[in-house]
Amino acid sequence: MKAKGILSAVLAVVMVMMVVSPVLADKPVGFDPVTGAETAWSNTGCAKIQDGTIVDSAGNPLTVGFDEFGYNYQAHLFVGTYDTSDRVADGKYWGSTADYADDALQMKWSDEWLSNVDCDGDGKLDRGLANGTSTGLSRGWLTNHVNGDYIDASGVSQHYTYFVKIGWVGAGGPLWNEFDIFEEVYNDPAGGFHGVTVLTDPGLGQFVEH
Ligand SMILES: [Ca+2]
Ligand SMILES: [Ca+2]
Ligand SMILES: [Ca+2]
């Protein structure tokens with residue numbers, strides 16, 4: 001697989017995140033300054049996933065824990081494949097039968113990227129949520145970790161791994177106008193890719209807004 005193809009897939013996944021809306025504990029208010037991990041949670045009046053009032057893009061209520069596709073919106077986590085990341089387990093990634101469709105994908109995101117509460121009452125998880133107000137567009141950060149196989153030009157099965165960390169930087173960002181890639185690690189020995197291709201990582205803690 002070519003790096004360009006992988007990044008396109010990653011971007012597509014991110015777009016999925018933009019349209020899928022999911023939900024439980026309340027909004028996190030305490031964070032590890034280095035890793036960005038949540039350490040404390042508030043008790044606001046915002047709707048929670050466990051209330052049963054927050055739905056996904058298909059109108060199905062979100063539930064606590066991992067769903068059938070691999071999303072755990074409460075934990076800001078996805079563990080599945082490109083195929084299931086589009087919330088349709090059909091062996092395809094948004095209709096594409098590209099080789100990476102069956103590749104393992106893990107995603108993690110900050111609460112600002114996609115929160116686990118609905119504070120604005122639209123029945124969807126809030127995006128860009130800071131101090132109880134949602135901007136409607138993701139902020140914070142997202143990571144993708146891919147572990148996959150593909151058949152090369154000689155018909156031989158090859159293995160690759162890919163990691164990318166994307167963060168919101170505001171207007172003028174080089175990625176989708178408001179984002180940037182802070183870390184990218186691509187290992188595909190057969191394809192000639194070895195290790196870090198982008199690294200300007202400032203630490204995920206810098207993306208926390210509260
Ligand atoms: Ca699918
Ligand atoms: Ca594959
Ligand atoms: Ca909402």
# chains A, B, ... in the order shown; residues from 1 in each chain; ligands from 1
call {"tool": "residues_around", "arguments": {"residues": "segment 87-91 of chain A", "least_positions_apart": "2", "cutoff": "10 Å", "atoms": "only C-alpha atoms", "output": "number ranges by chain"}}
result
A: 16, 20, 56-58, 67-71, 81-85, 93-98, 101-102
call {"tool": "residues_around", "arguments": {"residues": "segment 155-163 of chain A", "least_positions_apart": "5", "cutoff": "6 Å", "atoms": "only C-alpha atoms", "output": "list in words"}}
result
Asn144, His145, Val146, Asn147, Gly148, Asp149, Tyr150, Glu184, Val185, Tyr186, Asn187 and Asp188 of chain A
call {"tool": "residues_near_ligand", "arguments": {"ligand": "ligand 3", "cutoff": "7 Å", "atoms": "only C-alpha atoms and all ligand atoms", "output": "PyMOL selection string"}}
result
chain A and resi 118-126
call {"tool": "atom_distance", "arguments": {"atom1": "atom CA of Val117 of chain A", "atom2": "atom CA of Thr53 of chain A"}}
result
10.2 Å
call {"tool": "closest_atom_pairs", "arguments": {"of": "segment 86-110 of chain A", "to": "segment 30-39 of chain A", "cutoff": "12 Å", "atoms": "only C-alpha atoms", "output": "tab-separated table"}}
result
residue	atom	partner	partner_atom	distance
A:Lys108	CA	A:Ala37	CA	10.6
A:Trp109	CA	A:Gly36	CA	9.9
A:Ser110	CA	A:Gly36	CA	7.7
call {"tool": "write_last_selection", "arguments": {"atoms": "C-alpha atoms", "output": "tab-separated table (two decimals), in the first residue's frame"}}
result
chain	number	residue	atom	x	y	z
A	108	LYS	CA	-8.50	7.53	20.14
A	109	TRP	CA	-9.72	11.10	20.38
A	110	SER	CA	-9.89	13.88	22.90
call {"tool": "atom_distance", "arguments": {"atom1": "atom CA of Thr143 of chain A", "atom2": "atom CA of Ile166 of chain A"}}
result
6.2 Å
call {"tool": "select_by_dssp", "arguments": {"residues": "segment 77-188 of chain A", "states": "strand (DSSP E)", "output": "PyMOL selection string"}}
result
chain A and resi 77-81+104-109+117-118+141-151+157-168+179-187
call {"tool": "closest_residue", "arguments": {"among": "A:Cys46, A:Ala130, A:Val198, A:Ile151", "to": "ligand 2", "atoms": "only C-alpha atoms and all ligand atoms"}}
result
A:Ile151
call {"tool": "select_by_dssp", "arguments": {"residues": "segment 22-198 of chain A", "states": "helix (DSSP H, G or I)", "output": "PyMOL selection string"}}
result
chain A and resi 49-51+82-85+99-102+189-191
call {"tool": "atom_distance", "arguments": {"atom1": "atom CA of Val64 of chain A", "atom2": "atom CA of Trp168 of chain A"}}
result
26.7 Å
